[in-house]
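These notes concern the structure reproduced below.
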Amino acid sequence: MNLGPLQWVRATAVLLAVLLLAGCFTKRKNEGARLYAQRCASCHGENGEGLRRLIPPLAGSDYLGQHRSSLPCQLRKGLAGEITVNGVKYNQLMPGNESLTDSEITNLLNYVQTSWGNKEEVWTIKEVADELKYCGGARGL
Amino acid sequence: MTFSTLRHTLSVSLLALASSLLFPACSTNSASADSETKLPYLGDRAMQPAPMAGPADTIFTVPTFTLTDQEGKTITNDTFKGKIYITDFFFATCPSICPKMQSELLRVYEKFQGDPRVLFLSHTIDPAHDSIPVLRDYAERLGVKDASRWHFATAQHDTIFGLARAYMTGAQKDATVKGGFAHSGTFALVDTQRHIRGLYDGMEPSQVEKLMQDIPLLLKEIEAEKQTTSR
């Protein structure tokens, strides 16, 4: 195949556009995992294992199913006071994440709900936004 | 550019890349060969002891201290007499690196749990919040039942920050940081003569592995010294 200069430019542009788009999608798709690594893993562990009786596990946590509707606000506002996870009592401060958008919270929750063997029901952005109304309201995508 | 010139540039740059990758590898190899036999002395006036004079006072020494641990007991340098210890700085409500760092230190603690020559000392850098009951609760939740093996200690704010500097773990108040304190997750390894013999990034599992390899080396050195002094 013999390409002229113009065709080269065109081909390169198409290739670039495809690469950029793909990057966009993967970034979106992995957003939950990325946010988890940035904001949660230092405490809950890379595999959601928690830390003894200091920090509760997310992997296999019965709390996720039992307190499903309170999770979006918990991620945004944090959590304090005694809670019980898998029969073990925890009482430590979890900081909030005020800067997270609704869609970021959705991706983060769905990452937690479906990782490390967890098989919790996933969230839609609408559901998350509805819950966030109870703690300061939705914050857009 | 013709194909052959392209190939030429490529091979030249590959060669440059390869050598830049190889040479540092060589030098780190030889450095670690030394440290396998004897750990270095770290600190401001770090200097290898002269063979005849023994470890003279040119080597940086951890200053004297008085702290209170999770059982309300007073601990001083004498608490660690004849022992080696690993120390770090944390606070109970730390939102960033502490949990990870303390879980790494827990790994070391559990590995050397059966060896009474190895002690642990965690200082709180938030003495206003981390009272003795808070420290006790924290230790218990972490699974540390024996306070005489792993002390969670508090003191006046200035005392703690002075010690953090001495152990080269750099803790300071910083309102711009989440949680209000900036500190590095450094572990310091201290020998029986109050000299710092190793610094490790507690956030880096590979460095924590190195610490677990260095501890037996330091213990061996101490046993050897005991042998010569008792003879």
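A note on labels: chains of the structure tokens are A, B, ... as shown, every chain counts residues from 1, and ligands are counted from 1 in their shown order.
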Alpha helix (DSSP H) call set, DSSP backbone run, stretch 19-97 of chain A, as a PyMOL selection string: chain A and resi 19-29+31-39+41-44+63-66+71-77
Residue neighbourhood stretch 41-56 of chain A, 9 Å, only C-alpha atoms, exclusion window fewer than 2 positions, as a VMD selection string: (chain A and resid 36 to 39 58 to 61 84 to 86 88 to 92 94 112 115 to 116) or (chain B and resid 95 to 101 103 138 140 to 143)
Close residues, A:Trp123 itself excluded, 10 Å, only C-alpha atoms, min 3 positions apart in chain, as a list in words: Arg68, Pro72, Ile105, Thr106, Asn107, Leu108, Leu109, Asn110, Gln113, Glu120, Lys126, Glu127 and Val128 of chain A
DSSP strand (DSSP E) residues within stretch 33-150 of chain B, listed as a ChimeraX atom specification: /B:66-68,74-76,84-90,118-124,150
Pick from B:Thr124, B:Thr76, B:Gln70, B:Gln113 nearest to B:Thr93, counting only C-alpha atoms: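 Going through B:Thr124, B:Thr76, B:Gln70, B:Gln113 one by one, the smallest distance to B:Thr93 is for B:Thr124.
Checking B:Glu221, B:Tyr41, B:Glu204, B:Arg117 one by one against chain A, counting only C-alpha atoms, you find the shortest gap at B:Glu204.
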8 Å contact set for B:Ala166, only C-alpha atoms, chain neighbours under 3 positions out, as a ChimeraX atom specification: /B:62-63,162-163,169
For A:Lys119, the nearest of the candidates A:Leu71, A:Ile83, A:Leu132, A:Leu64, counting only C-alpha atoms: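 When distances to A:Lys119 are compared using only C-alpha atoms, the smallest one comes from A:Leu64.
Nearest residue to chain B among A:Arg34, A:Gly117, A:Gly96, A:Gly65 is A:Gly96, counting only C-alpha atoms.
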